[in-house]
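So this one's model31.tsv, TSV, C-alpha atoms:
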```
chain	number	residue	atom	x	y	z
A	1270	MET	CA	0.00	0.00	0.00
A	1271	ALA	CA	0.92	3.61	-0.32
A	1272	HIS	CA	-0.80	6.52	1.36
A	1273	VAL	CA	0.23	9.99	0.27
A	1274	THR	CA	-1.00	13.20	1.85
A	1275	ILE	CA	-0.26	16.51	0.14
A	1276	GLU	CA	-0.68	19.78	2.02
A	1277	TRP	CA	-0.53	23.06	0.11
A	1278	THR	CA	-1.00	26.59	1.36
A	1279	ALA	CA	-4.04	28.52	0.20
A	1280	ASN	CA	-1.93	31.30	-1.33
A	1281	LEU	CA	-1.09	28.82	-4.13
A	1282	GLU	CA	-4.75	28.64	-5.20
A	1283	GLY	CA	-5.00	29.03	-8.96
A	1284	GLN	CA	-1.23	28.78	-9.37
A	1285	MET	CA	-0.74	25.06	-9.08
A	1286	ASP	CA	-2.73	22.15	-10.49
A	1287	VAL	CA	-3.44	19.98	-7.45
A	1288	GLU	CA	-5.18	17.32	-9.50
A	1289	ALA	CA	-2.18	17.07	-11.80
A	1290	LEU	CA	0.23	16.80	-8.88
A	1291	MET	CA	-1.83	14.01	-7.28
A	1292	SER	CA	-2.05	12.21	-10.62
A	1293	LEU	CA	1.69	12.55	-11.16
A	1294	VAL	CA	2.41	10.90	-7.81
A	1295	ALA	CA	-0.12	8.10	-8.30
A	1296	ALA	CA	1.08	7.38	-11.86
A	1297	ASP	CA	4.68	7.37	-10.73
A	1298	MET	CA	3.88	4.81	-8.03
A	1299	ARG	CA	2.05	2.64	-10.53
A	1300	GLU	CA	4.53	2.83	-13.38
A	1301	ARG	CA	8.00	3.53	-12.06
A	1302	ALA	CA	8.26	1.62	-8.79
A	1303	ASP	CA	8.97	-1.88	-10.13
A	1304	GLY	CA	5.53	-3.02	-8.97
A	1305	VAL	CA	6.38	-2.39	-5.34
A	1306	PHE	CA	3.12	-0.53	-4.72
A	1307	PRO	CA	0.02	-2.62	-5.52
A	1308	VAL	CA	-2.24	-0.45	-7.67
A	1309	GLY	CA	-5.35	-1.03	-5.55
A	1310	GLY	CA	-3.60	0.30	-2.46
A	1311	ILE	CA	-2.51	3.66	-3.86
A	1312	ARG	CA	-4.34	6.50	-2.12
A	1313	VAL	CA	-3.25	10.09	-2.70
A	1314	ARG	CA	-5.12	13.00	-1.11
A	1315	ALA	CA	-4.57	16.73	-0.91
A	1316	PHE	CA	-5.60	19.29	1.67
A	1317	ARG	CA	-5.56	23.04	1.20
A	1318	VAL	CA	-4.07	24.74	4.26
A	1319	ASP	CA	-5.99	27.93	4.99
A	1320	ASP	CA	-4.36	28.92	8.27
A	1321	TYR	CA	-0.58	28.99	8.51
A	1322	VAL	CA	2.46	30.91	9.67
A	1323	ILE	CA	5.71	30.44	7.75
A	1324	ALA	CA	9.33	31.36	8.60
A	1325	ASP	CA	9.57	34.94	9.93
A	1326	ASN	CA	5.87	35.53	9.22
A	1327	ALA	CA	6.86	38.54	7.15
A	1328	CYS	CA	6.09	37.60	3.57
A	1329	ALA	CA	2.56	36.87	2.33
A	1330	ASP	CA	4.03	35.12	-0.71
A	1331	ASP	CA	5.80	32.43	1.34
A	1332	ALA	CA	4.15	29.12	0.55
A	1333	PHE	CA	4.66	25.45	1.26
A	1334	ILE	CA	3.80	22.12	-0.26
A	1335	ASN	CA	4.42	19.07	1.91
A	1336	LEU	CA	4.04	15.40	1.03
A	1337	ASP	CA	3.78	12.67	3.66
A	1338	VAL	CA	4.12	9.14	2.34
A	1339	LYS	CA	3.25	6.01	4.30
A	1340	MET	CA	4.12	2.66	2.79
A	1341	GLY	CA	4.23	-0.93	3.97
A	1342	ALA	CA	7.34	-2.13	5.75
A	1343	GLY	CA	9.94	-4.34	4.12
A	1344	ARG	CA	11.18	-2.39	1.11
A	1345	SER	CA	14.98	-2.24	0.95
A	1346	PRO	CA	16.82	0.95	1.90
A	1347	GLU	CA	18.27	0.95	-1.64
A	1348	PHE	CA	14.82	0.91	-3.25
A	1349	ARG	CA	13.63	3.58	-0.87
A	1350	GLN	CA	16.51	5.93	-1.62
A	1351	ARG	CA	16.49	5.39	-5.36
A	1352	TYR	CA	12.73	5.48	-5.86
A	1353	PHE	CA	12.00	8.50	-3.69
A	1354	ASP	CA	15.01	10.45	-4.99
A	1355	ALA	CA	13.51	10.00	-8.46
A	1356	LEU	CA	9.96	10.78	-7.36
A	1357	PHE	CA	11.06	13.94	-5.58
A	1358	ALA	CA	13.06	15.03	-8.62
A	1359	ARG	CA	9.95	14.67	-10.77
A	1360	ILE	CA	7.82	16.59	-8.28
A	1361	THR	CA	10.46	19.32	-8.07
A	1362	GLY	CA	10.53	19.50	-11.85
A	1363	PHE	CA	6.75	19.72	-12.05
A	1364	LEU	CA	6.74	22.57	-9.52
A	1365	GLN	CA	9.81	24.36	-10.86
A	1366	PRO	CA	7.92	27.29	-12.42
A	1367	LEU	CA	6.31	27.87	-9.05
A	1368	SER	CA	9.43	27.57	-6.89
A	1369	GLU	CA	11.34	29.88	-9.23
A	1370	SER	CA	8.67	32.55	-9.14
A	1371	ARG	CA	8.07	32.78	-5.39
A	1372	PRO	CA	9.44	31.60	-2.02
A	1373	LEU	CA	8.27	28.01	-1.74
A	1374	ALA	CA	9.19	25.30	0.76
A	1375	LEU	CA	8.71	21.91	-0.83
A	1376	SER	CA	9.20	18.81	1.33
A	1377	MET	CA	8.52	15.09	1.34
A	1378	TYR	CA	8.73	12.54	4.16
A	1379	VAL	CA	8.45	8.77	3.95
A	1380	LYS	CA	7.61	6.37	6.74
A	1381	GLU	CA	6.70	2.71	7.00
A	1382	ALA	CA	3.75	1.19	8.77
A	1383	GLU	CA	1.82	-2.04	8.95
A	1384	GLY	CA	-1.85	-1.95	9.71
A	1385	TRP	CA	-5.23	-3.59	9.25
A	1386	LYS	CA	-6.95	-3.56	5.89
A	1387	HIS	CA	-10.01	-4.66	3.99
A	1388	ASN	CA	-9.86	-3.53	0.40
A	1389	THR	CA	-12.44	-4.30	-2.29
A	1390	ILE	CA	-10.72	-2.10	-4.87
A	1391	HIS	CA	-8.46	-5.06	-5.66
A	1392	ASP	CA	-11.58	-7.00	-6.76
A	1393	ARG	CA	-12.68	-4.14	-8.99
A	1394	LEU	CA	-9.25	-4.09	-10.63
A	1395	LYS	CA	-9.28	-7.88	-11.19
A	1396	LYS	CA	-12.67	-7.70	-12.88
A	1397	ALA	CA	-11.44	-4.83	-15.04
A	1398	SER	CA	-8.34	-6.69	-16.21
B	364	MET	CA	-4.86	8.71	25.81
B	365	ALA	CA	-6.10	7.77	22.41
B	366	HIS	CA	-6.22	9.99	19.37
B	367	VAL	CA	-8.10	8.68	16.34
B	368	THR	CA	-8.25	10.41	12.98
B	369	ILE	CA	-10.68	9.14	10.36
B	370	GLU	CA	-10.33	10.21	6.75
B	371	TRP	CA	-13.12	9.44	4.29
B	372	THR	CA	-13.44	10.35	0.64
B	373	ALA	CA	-16.13	12.81	-0.37
B	374	ASN	CA	-17.79	10.32	-2.74
B	375	LEU	CA	-19.09	8.54	0.39
B	376	GLU	CA	-21.14	11.60	1.41
B	377	GLY	CA	-24.65	10.52	2.31
B	378	GLN	CA	-23.71	6.85	2.17
B	379	MET	CA	-21.98	6.45	5.49
B	380	ASP	CA	-22.81	7.79	8.94
B	381	VAL	CA	-19.60	9.51	10.04
B	382	GLU	CA	-21.01	10.41	13.44
B	383	ALA	CA	-21.98	6.77	14.04
B	384	LEU	CA	-18.54	5.55	13.01
B	385	MET	CA	-16.81	8.00	15.36
B	386	SER	CA	-19.17	7.04	18.16
B	387	LEU	CA	-18.56	3.34	17.54
B	388	VAL	CA	-14.80	3.82	17.88
B	389	ALA	CA	-15.05	5.99	21.00
B	390	ALA	CA	-17.54	3.63	22.68
B	391	ASP	CA	-15.37	0.66	21.85
B	392	MET	CA	-12.34	2.31	23.44
B	393	ARG	CA	-14.36	3.14	26.55
B	394	GLU	CA	-16.12	-0.18	26.98
B	395	ARG	CA	-14.09	-2.97	25.43
B	396	ALA	CA	-10.45	-2.08	26.11
B	397	ASP	CA	-10.13	-3.25	29.72
B	398	GLY	CA	-9.83	0.36	30.86
B	399	VAL	CA	-6.61	0.85	28.95
B	400	PHE	CA	-7.78	4.13	27.44
B	401	PRO	CA	-8.74	6.75	30.07
B	402	VAL	CA	-12.14	8.14	29.06
B	403	GLY	CA	-11.08	11.78	29.30
B	404	GLY	CA	-8.27	11.23	26.81
B	405	ILE	CA	-10.35	9.75	23.99
B	406	ARG	CA	-10.42	12.11	21.01
B	407	VAL	CA	-11.86	10.91	17.69
B	408	ARG	CA	-12.10	13.24	14.71
B	409	ALA	CA	-13.07	12.82	11.07
B	410	PHE	CA	-12.05	14.71	7.95
B	411	ARG	CA	-13.78	14.54	4.60
B	412	VAL	CA	-11.23	14.22	1.80
B	413	ASP	CA	-12.35	16.30	-1.16
B	414	ASP	CA	-9.30	15.93	-3.38
B	415	TYR	CA	-7.90	12.47	-4.02
B	416	VAL	CA	-6.58	10.03	-6.60
B	417	ILE	CA	-7.07	6.31	-5.95
B	418	ALA	CA	-5.48	3.22	-7.57
B	419	ASP	CA	-5.51	3.49	-11.39
B	420	ASN	CA	-7.53	6.71	-11.22
B	421	ALA	CA	-10.11	5.09	-13.48
B	422	CYS	CA	-13.17	4.56	-11.31
B	423	ALA	CA	-15.11	7.43	-9.75
B	424	ASP	CA	-16.68	4.99	-7.31
B	425	ASP	CA	-13.36	4.02	-5.70
B	426	ALA	CA	-13.40	5.27	-2.12
B	427	PHE	CA	-11.31	4.99	0.99
B	428	ILE	CA	-11.72	5.23	4.72
B	429	ASN	CA	-8.54	5.39	6.77
B	430	LEU	CA	-8.13	5.41	10.54
B	431	ASP	CA	-4.94	6.54	12.24
B	432	VAL	CA	-4.73	5.74	15.93
B	433	LYS	CA	-2.17	7.21	18.32
B	434	MET	CA	-2.02	5.84	21.85
B	435	GLY	CA	0.35	6.12	24.80
B	436	ALA	CA	3.33	3.80	24.91
B	437	GLY	CA	3.53	0.79	27.16
B	438	ARG	CA	0.59	-1.40	26.19
B	439	SER	CA	1.63	-5.00	25.59
B	440	PRO	CA	1.91	-6.40	22.06
B	441	GLU	CA	-0.72	-8.98	23.05
B	442	PHE	CA	-3.24	-6.31	24.06
B	443	ARG	CA	-2.50	-4.33	20.94
B	444	GLN	CA	-3.05	-7.27	18.62
B	445	ARG	CA	-6.16	-8.57	20.37
B	446	TYR	CA	-7.84	-5.22	20.94
B	447	PHE	CA	-7.24	-3.75	17.50
B	448	ASP	CA	-8.12	-7.00	15.72
B	449	ALA	CA	-11.47	-6.83	17.49
B	450	LEU	CA	-11.93	-3.10	16.85
B	451	PHE	CA	-11.14	-3.48	13.17
B	452	ALA	CA	-13.55	-6.40	12.90
B	453	ARG	CA	-16.31	-4.25	14.35
B	454	ILE	CA	-15.50	-1.35	12.02
B	455	THR	CA	-15.44	-3.73	9.05
B	456	GLY	CA	-18.80	-5.12	10.13
B	457	PHE	CA	-20.26	-1.63	10.48
B	458	LEU	CA	-19.07	-0.73	6.98
B	459	GLN	CA	-19.89	-4.06	5.34
B	460	PRO	CA	-22.92	-2.79	3.39
B	461	LEU	CA	-20.68	-0.10	1.94
B	462	SER	CA	-17.68	-2.28	1.09
B	463	GLU	CA	-19.93	-4.87	-0.55
B	464	SER	CA	-21.66	-2.32	-2.73
B	465	ARG	CA	-18.65	-0.44	-4.10
B	466	PRO	CA	-14.84	-0.57	-4.30
B	467	LEU	CA	-13.69	0.59	-0.88
B	468	ALA	CA	-10.23	0.57	0.70
B	469	LEU	CA	-10.57	0.44	4.47
B	470	SER	CA	-7.41	0.71	6.57
B	471	MET	CA	-6.30	1.31	10.14
B	472	TYR	CA	-2.84	2.07	11.55
B	473	VAL	CA	-1.78	2.24	15.18
B	474	LYS	CA	1.25	3.97	16.60
B	475	GLU	CA	2.48	4.89	20.05
B	476	ALA	CA	3.64	8.26	21.29
B	477	GLU	CA	4.32	10.10	24.49
B	478	GLY	CA	3.78	13.82	24.65
B	479	TRP	CA	2.86	16.79	26.79
B	480	LYS	CA	-0.66	17.25	28.10
B	481	HIS	CA	-2.93	19.45	30.15
B	482	ASN	CA	-6.43	18.06	30.27
B	483	THR	CA	-9.34	19.53	32.22
B	484	ILE	CA	-11.84	17.03	30.79
B	485	HIS	CA	-10.74	14.61	33.52
B	486	ASP	CA	-12.03	17.13	36.11
B	487	ARG	CA	-15.35	17.43	34.32
B	488	LEU	CA	-15.70	13.64	34.35
B	489	LYS	CA	-14.86	13.43	38.09
B	490	LYS	CA	-17.50	16.03	38.93
B	491	ALA	CA	-20.01	14.17	36.79
B	492	SER	CA	-19.40	10.85	38.51
C	1031	MET	CA	13.11	22.30	9.76
C	1032	ALA	CA	10.06	22.30	11.95
C	1033	HIS	CA	6.57	21.37	10.88
C	1034	VAL	CA	3.79	22.06	13.35
C	1035	THR	CA	0.16	21.05	12.86
C	1036	ILE	CA	-2.46	22.42	15.24
C	1037	GLU	CA	-5.90	20.84	15.38
C	1038	TRP	CA	-8.67	22.59	17.28
C	1039	THR	CA	-12.31	21.62	17.69
C	1040	ALA	CA	-14.94	23.81	16.06
C	1041	ASN	CA	-16.66	24.51	19.41
C	1042	LEU	CA	-13.71	26.81	20.20
C	1043	GLU	CA	-14.56	29.11	17.27
C	1044	GLY	CA	-14.52	32.72	18.45
C	1045	GLN	CA	-13.04	31.75	21.80
C	1046	MET	CA	-9.42	31.28	20.84
C	1047	ASP	CA	-7.15	33.28	18.56
C	1048	VAL	CA	-5.75	30.66	16.17
C	1049	GLU	CA	-3.54	33.18	14.40
C	1050	ALA	CA	-2.04	34.27	17.71
C	1051	LEU	CA	-1.40	30.67	18.75
C	1052	MET	CA	0.34	29.89	15.44
C	1053	SER	CA	2.41	33.08	15.74
C	1054	LEU	CA	3.37	32.25	19.32
C	1055	VAL	CA	4.69	28.85	18.27
C	1056	ALA	CA	6.57	30.18	15.24
C	1057	ALA	CA	8.10	33.08	17.21
C	1058	ASP	CA	9.14	30.73	19.99
C	1059	MET	CA	10.91	28.46	17.51
C	1060	ARG	CA	12.68	31.45	15.97
C	1061	GLU	CA	13.68	33.22	19.16
C	1062	ARG	CA	13.97	30.74	22.02
C	1063	ALA	CA	15.42	27.58	20.49
C	1064	ASP	CA	19.12	28.54	20.35
C	1065	GLY	CA	18.91	28.68	16.55
C	1066	VAL	CA	18.11	24.99	16.30
C	1067	PHE	CA	15.24	25.59	13.88
C	1068	PRO	CA	16.31	27.43	10.70
C	1069	VAL	CA	13.83	30.27	10.18
C	1070	GLY	CA	13.08	29.40	6.57
C	1071	GLY	CA	11.99	25.89	7.54
C	1072	ILE	CA	9.38	26.84	10.12
C	1073	ARG	CA	5.90	25.88	8.91
C	1074	VAL	CA	2.96	26.07	11.32
C	1075	ARG	CA	-0.57	25.28	10.16
C	1076	ALA	CA	-3.92	24.93	11.88
C	1077	PHE	CA	-6.99	22.91	11.01
C	1078	ARG	CA	-10.44	23.35	12.50
C	1079	VAL	CA	-11.94	19.98	13.40
C	1080	ASP	CA	-15.64	20.03	12.58
C	1081	ASP	CA	-16.48	16.38	13.26
C	1082	TYR	CA	-15.36	14.82	16.52
C	1083	VAL	CA	-16.34	12.66	19.48
C	1084	ILE	CA	-14.60	13.31	22.80
C	1085	ALA	CA	-14.41	11.23	26.01
C	1086	ASP	CA	-17.86	9.94	27.04
C	1087	ASN	CA	-19.52	11.91	24.24
C	1088	ALA	CA	-21.74	13.52	26.84
C	1089	CYS	CA	-20.64	17.15	27.02
C	1090	ALA	CA	-20.93	19.54	24.07
C	1091	ASP	CA	-18.41	21.85	25.75
C	1092	ASP	CA	-15.59	19.28	25.70
C	1093	ALA	CA	-12.92	20.57	23.35
C	1094	PHE	CA	-9.42	19.70	22.30
C	1095	ILE	CA	-6.35	21.39	20.88
C	1096	ASN	CA	-3.58	19.12	19.65
C	1097	LEU	CA	-0.15	20.05	18.33
C	1098	ASP	CA	1.97	17.65	16.29
C	1099	VAL	CA	5.56	18.74	15.78
C	1100	LYS	CA	7.95	17.17	13.29
C	1101	MET	CA	11.58	18.25	13.38
C	1102	GLY	CA	14.84	17.07	11.84
C	1103	ALA	CA	16.72	14.28	13.57
C	1104	GLY	CA	19.83	14.84	15.64
C	1105	ARG	CA	18.80	17.26	18.36
C	1106	SER	CA	19.92	16.05	21.80
C	1107	PRO	CA	17.42	14.55	24.25
C	1108	GLU	CA	18.34	17.34	26.68
C	1109	PHE	CA	17.47	20.06	24.17
C	1110	ARG	CA	14.28	18.29	23.25
C	1111	GLN	CA	13.09	17.99	26.86
C	1112	ARG	CA	14.08	21.50	27.88
C	1113	TYR	CA	12.84	23.30	24.79
C	1114	PHE	CA	9.50	21.55	24.48
C	1115	ASP	CA	8.82	21.73	28.22
C	1116	ALA	CA	9.22	25.49	27.90
C	1117	LEU	CA	7.18	25.74	24.69
C	1118	PHE	CA	4.34	23.70	26.16
C	1119	ALA	CA	4.37	25.85	29.30
C	1120	ARG	CA	3.98	28.96	27.17
C	1121	ILE	CA	1.17	27.40	25.13
C	1122	THR	CA	-0.56	26.30	28.33
C	1123	GLY	CA	-0.21	29.82	29.70
C	1124	PHE	CA	-1.62	31.34	26.53
C	1125	LEU	CA	-4.62	29.00	26.68
C	1126	GLN	CA	-5.13	29.18	30.44
C	1127	PRO	CA	-8.28	31.36	30.32
C	1128	LEU	CA	-9.79	28.76	27.98
C	1129	SER	CA	-8.78	25.64	29.91
C	1130	GLU	CA	-10.03	27.17	33.16
C	1131	SER	CA	-13.41	28.05	31.71
C	1132	ARG	CA	-14.31	24.76	30.02
C	1133	PRO	CA	-13.20	21.12	29.70
C	1134	LEU	CA	-10.24	21.24	27.34
C	1135	ALA	CA	-7.73	18.54	26.39
C	1136	LEU	CA	-4.50	20.17	25.30
C	1137	SER	CA	-1.73	17.95	23.95
C	1138	MET	CA	1.54	18.14	22.06
C	1139	TYR	CA	3.63	15.42	20.42
C	1140	VAL	CA	7.10	15.68	18.92
C	1141	LYS	CA	8.71	13.35	16.44
C	1142	GLU	CA	11.80	13.40	14.28
C	1143	ALA	CA	12.05	12.77	10.57
C	1144	GLU	CA	14.43	13.28	7.69
C	1145	GLY	CA	13.07	13.87	4.24
C	1146	TRP	CA	13.57	15.49	0.88
C	1147	LYS	CA	13.44	19.25	0.48
C	1148	HIS	CA	13.73	22.10	-1.96
C	1149	ASN	CA	13.21	25.42	-0.25
C	1150	THR	CA	13.44	28.83	-1.88
C	1151	ILE	CA	12.28	30.65	1.26
C	1152	HIS	CA	15.89	30.57	2.48
C	1153	ASP	CA	16.85	32.68	-0.58
C	1154	ARG	CA	14.11	35.20	0.18
C	1155	LEU	CA	15.39	35.49	3.76
C	1156	LYS	CA	18.99	35.99	2.61
C	1157	LYS	CA	17.98	38.79	0.25
C	1158	ALA	CA	15.98	40.40	3.05
C	1159	SER	CA	18.87	40.39	5.50
```
Just give me the structure as structure tokens.
Amino acid sequence: MAHVTIEWTANLEGQMDVEALMSLVAADMRERADGVFPVGGIRVRAFRVDDYVIADNACADDAFINLDVKMGAGRSPEFRQRYFDALFARITGFLQPLSESRPLALSMYVKEAEGWKHNTIHDRLKKAS
Amino acid sequence: MAHVTIEWTANLEGQMDVEALMSLVAADMRERADGVFPVGGIRVRAFRVDDYVIADNACADDAFINLDVKMGAGRSPEFRQRYFDALFARITGFLQPLSESRPLALSMYVKEAEGWKHNTIHDRLKKAS
Amino acid sequence: MAHVTIEWTANLEGQMDVEALMSLVAADMRERADGVFPVGGIRVRAFRVDDYVIADNACADDAFINLDVKMGAGRSPEFRQRYFDALFARITGFLQPLSESRPLALSMYVKEAEGWKHNTIHDRLKKAS
């Protein structure tokens, strides 16, 4: 599984394509991760952050985009480094026009977790294939 | 203490009773956890997820419900396994009509943490008892 | 870096100054942490929690405010204890009128993480100085 949560500050409204960013991340996990993330377990969501204080609280243009990734345990450190280096490079590239035009803090964190699950999306995907 | 955060995708609006799900979790922690979770420290919240991409991004009916639980450190692995197995079974039962009628990814994660606290709900509960 | 997420229940609307609380935390991290948190990496956000169940679910006045802090790894345990004891004391002081007038669960958790980053706020700060 892979859970991704994207936070983005409200002062980016109209200047970034949230849907496109979510789709980029989901597609990357489907197509460029050597099958490590089962398709039916990919869940990306985004939240607009309306209330925030950044840095010295002196610049209304300061913005941030933060990604938190949670994936199942057991992937090798090598995979983790290589895959997320590449993913972050693609995200940075996608957001380059934005980060060049204004002060923007872009960040991504990855953690592992094992939990409980009951997922009927896998059945939907099997029927579709 | 026990913090629970429930995320649910907006395409479930009108099809699930969020209040009932939160109440089920809180009641379960009060009544079926051998007193492990002090009542005054139980805090369950739910967020509707309006922006999301799921799986192959091909089915508007795909939905997810995710629960993140944070509890104090020190509970035994046996308690943790037994209690959360049972809790997840009850949640799965409560949501069965939903997960049988559409593709739904249901998940729950549990982690431990110790923090700082100042809680006057305990006083309210003592006065009430 | 320091990420702070503040959650506060909707029944506190109009009774607490969320902007002031965020500013207090950010200023504290800038001015009282021995320079441990680079200014350009401070990101505080707040979310109003509209759907929640607290404690015995019996008192509409029950409220909570929760702070989750994520900071870079490598700070000493001594710094961590001393700094966050002091920060929490200031937050508790700021919220004292509230916690004395109603049942309020105030909590703060701190964890460490290392991630990926690309931050042009540092450039803005350098130009400003």
Tell me, in Å to one decimal, how far CA of Ile405 in chain B is from CA of Glu1276 in chain A. 26.0 Å
Please produce chain A as a CSV table (one decimal) with C-alpha atoms, keeping the file's coordinate frame once it has been superposed on chain B, the fit using all Cα atoms paired in sequence order.
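Here's the written file superposed_34.csv:
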```
chain,number,residue,atom,x,y,z
A,1270,MET,CA,-4.8,8.7,25.8
A,1271,ALA,CA,-6.1,7.8,22.4
A,1272,HIS,CA,-6.2,10.0,19.4
A,1273,VAL,CA,-8.1,8.7,16.3
A,1274,THR,CA,-8.2,10.4,13.0
A,1275,ILE,CA,-10.7,9.1,10.4
A,1276,GLU,CA,-10.3,10.2,6.7
A,1277,TRP,CA,-13.1,9.4,4.3
A,1278,THR,CA,-13.5,10.3,0.6
A,1279,ALA,CA,-16.1,12.8,-0.4
A,1280,ASN,CA,-17.8,10.3,-2.7
A,1281,LEU,CA,-19.1,8.5,0.4
A,1282,GLU,CA,-21.1,11.6,1.4
A,1283,GLY,CA,-24.7,10.5,2.3
A,1284,GLN,CA,-23.7,6.8,2.2
A,1285,MET,CA,-22.0,6.5,5.5
A,1286,ASP,CA,-22.8,7.8,8.9
A,1287,VAL,CA,-19.6,9.5,10.1
A,1288,GLU,CA,-21.0,10.4,13.4
A,1289,ALA,CA,-22.0,6.8,14.0
A,1290,LEU,CA,-18.5,5.5,13.0
A,1291,MET,CA,-16.8,8.0,15.4
A,1292,SER,CA,-19.2,7.0,18.2
A,1293,LEU,CA,-18.6,3.3,17.5
A,1294,VAL,CA,-14.8,3.8,17.9
A,1295,ALA,CA,-15.0,6.0,21.0
A,1296,ALA,CA,-17.5,3.6,22.7
A,1297,ASP,CA,-15.4,0.6,21.9
A,1298,MET,CA,-12.3,2.3,23.5
A,1299,ARG,CA,-14.4,3.1,26.6
A,1300,GLU,CA,-16.1,-0.2,27.0
A,1301,ARG,CA,-14.1,-3.0,25.4
A,1302,ALA,CA,-10.5,-2.1,26.1
A,1303,ASP,CA,-10.2,-3.2,29.7
A,1304,GLY,CA,-9.9,0.4,30.9
A,1305,VAL,CA,-6.6,0.8,29.0
A,1306,PHE,CA,-7.8,4.1,27.4
A,1307,PRO,CA,-8.7,6.7,30.1
A,1308,VAL,CA,-12.1,8.1,29.1
A,1309,GLY,CA,-11.1,11.8,29.3
A,1310,GLY,CA,-8.3,11.2,26.8
A,1311,ILE,CA,-10.3,9.7,24.0
A,1312,ARG,CA,-10.4,12.1,21.0
A,1313,VAL,CA,-11.9,10.9,17.7
A,1314,ARG,CA,-12.1,13.2,14.7
A,1315,ALA,CA,-13.1,12.8,11.1
A,1316,PHE,CA,-12.1,14.7,8.0
A,1317,ARG,CA,-13.8,14.5,4.6
A,1318,VAL,CA,-11.2,14.2,1.8
A,1319,ASP,CA,-12.4,16.3,-1.2
A,1320,ASP,CA,-9.3,15.9,-3.4
A,1321,TYR,CA,-7.9,12.5,-4.0
A,1322,VAL,CA,-6.6,10.0,-6.6
A,1323,ILE,CA,-7.1,6.3,-6.0
A,1324,ALA,CA,-5.5,3.2,-7.6
A,1325,ASP,CA,-5.5,3.5,-11.4
A,1326,ASN,CA,-7.5,6.7,-11.2
A,1327,ALA,CA,-10.1,5.1,-13.5
A,1328,CYS,CA,-13.1,4.6,-11.3
A,1329,ALA,CA,-15.1,7.4,-9.8
A,1330,ASP,CA,-16.7,5.0,-7.3
A,1331,ASP,CA,-13.4,4.0,-5.7
A,1332,ALA,CA,-13.4,5.3,-2.1
A,1333,PHE,CA,-11.3,5.0,1.0
A,1334,ILE,CA,-11.7,5.2,4.7
A,1335,ASN,CA,-8.5,5.4,6.8
A,1336,LEU,CA,-8.1,5.4,10.5
A,1337,ASP,CA,-4.9,6.5,12.3
A,1338,VAL,CA,-4.7,5.7,15.9
A,1339,LYS,CA,-2.2,7.2,18.3
A,1340,MET,CA,-2.0,5.8,21.8
A,1341,GLY,CA,0.3,6.1,24.8
A,1342,ALA,CA,3.3,3.8,24.9
A,1343,GLY,CA,3.5,0.8,27.2
A,1344,ARG,CA,0.6,-1.4,26.2
A,1345,SER,CA,1.6,-5.0,25.6
A,1346,PRO,CA,1.9,-6.4,22.1
A,1347,GLU,CA,-0.7,-9.0,23.0
A,1348,PHE,CA,-3.2,-6.3,24.1
A,1349,ARG,CA,-2.5,-4.3,20.9
A,1350,GLN,CA,-3.1,-7.3,18.6
A,1351,ARG,CA,-6.1,-8.6,20.4
A,1352,TYR,CA,-7.8,-5.2,20.9
A,1353,PHE,CA,-7.2,-3.8,17.5
A,1354,ASP,CA,-8.1,-7.0,15.7
A,1355,ALA,CA,-11.5,-6.8,17.5
A,1356,LEU,CA,-11.9,-3.1,16.9
A,1357,PHE,CA,-11.1,-3.5,13.2
A,1358,ALA,CA,-13.5,-6.4,12.9
A,1359,ARG,CA,-16.3,-4.2,14.4
A,1360,ILE,CA,-15.5,-1.4,12.0
A,1361,THR,CA,-15.4,-3.7,9.0
A,1362,GLY,CA,-18.8,-5.1,10.1
A,1363,PHE,CA,-20.3,-1.6,10.5
A,1364,LEU,CA,-19.1,-0.7,7.0
A,1365,GLN,CA,-19.9,-4.1,5.3
A,1366,PRO,CA,-22.9,-2.8,3.4
A,1367,LEU,CA,-20.7,-0.1,1.9
A,1368,SER,CA,-17.7,-2.3,1.1
A,1369,GLU,CA,-19.9,-4.9,-0.6
A,1370,SER,CA,-21.7,-2.3,-2.7
A,1371,ARG,CA,-18.7,-0.5,-4.1
A,1372,PRO,CA,-14.8,-0.6,-4.3
A,1373,LEU,CA,-13.7,0.6,-0.9
A,1374,ALA,CA,-10.2,0.6,0.7
A,1375,LEU,CA,-10.6,0.4,4.5
A,1376,SER,CA,-7.4,0.7,6.6
A,1377,MET,CA,-6.3,1.3,10.1
A,1378,TYR,CA,-2.9,2.1,11.6
A,1379,VAL,CA,-1.8,2.2,15.2
A,1380,LYS,CA,1.2,4.0,16.6
A,1381,GLU,CA,2.5,4.9,20.1
A,1382,ALA,CA,3.6,8.3,21.3
A,1383,GLU,CA,4.3,10.1,24.5
A,1384,GLY,CA,3.8,13.8,24.6
A,1385,TRP,CA,2.9,16.8,26.8
A,1386,LYS,CA,-0.7,17.2,28.1
A,1387,HIS,CA,-2.9,19.4,30.1
A,1388,ASN,CA,-6.4,18.1,30.3
A,1389,THR,CA,-9.3,19.5,32.2
A,1390,ILE,CA,-11.8,17.0,30.8
A,1391,HIS,CA,-10.7,14.6,33.5
A,1392,ASP,CA,-12.0,17.1,36.1
A,1393,ARG,CA,-15.3,17.4,34.3
A,1394,LEU,CA,-15.7,13.6,34.4
A,1395,LYS,CA,-14.8,13.4,38.1
A,1396,LYS,CA,-17.5,16.0,38.9
A,1397,ALA,CA,-20.0,14.2,36.8
A,1398,SER,CA,-19.4,10.8,38.5
```
What is the CA of Phe457 in chain B-CA of Val367 in chain B distance in Å, reported with one decimal? 17.0 Å
Find the spatial neighbours of range 1040-1053 of chain C, counting all atoms listed in the file, within a cut-off of 6 Å - ignore same-chain residues fewer than 4 positions away - and output them as JSON, numbers by chain. {"C": [1057, 1078, 1079, 1080]}
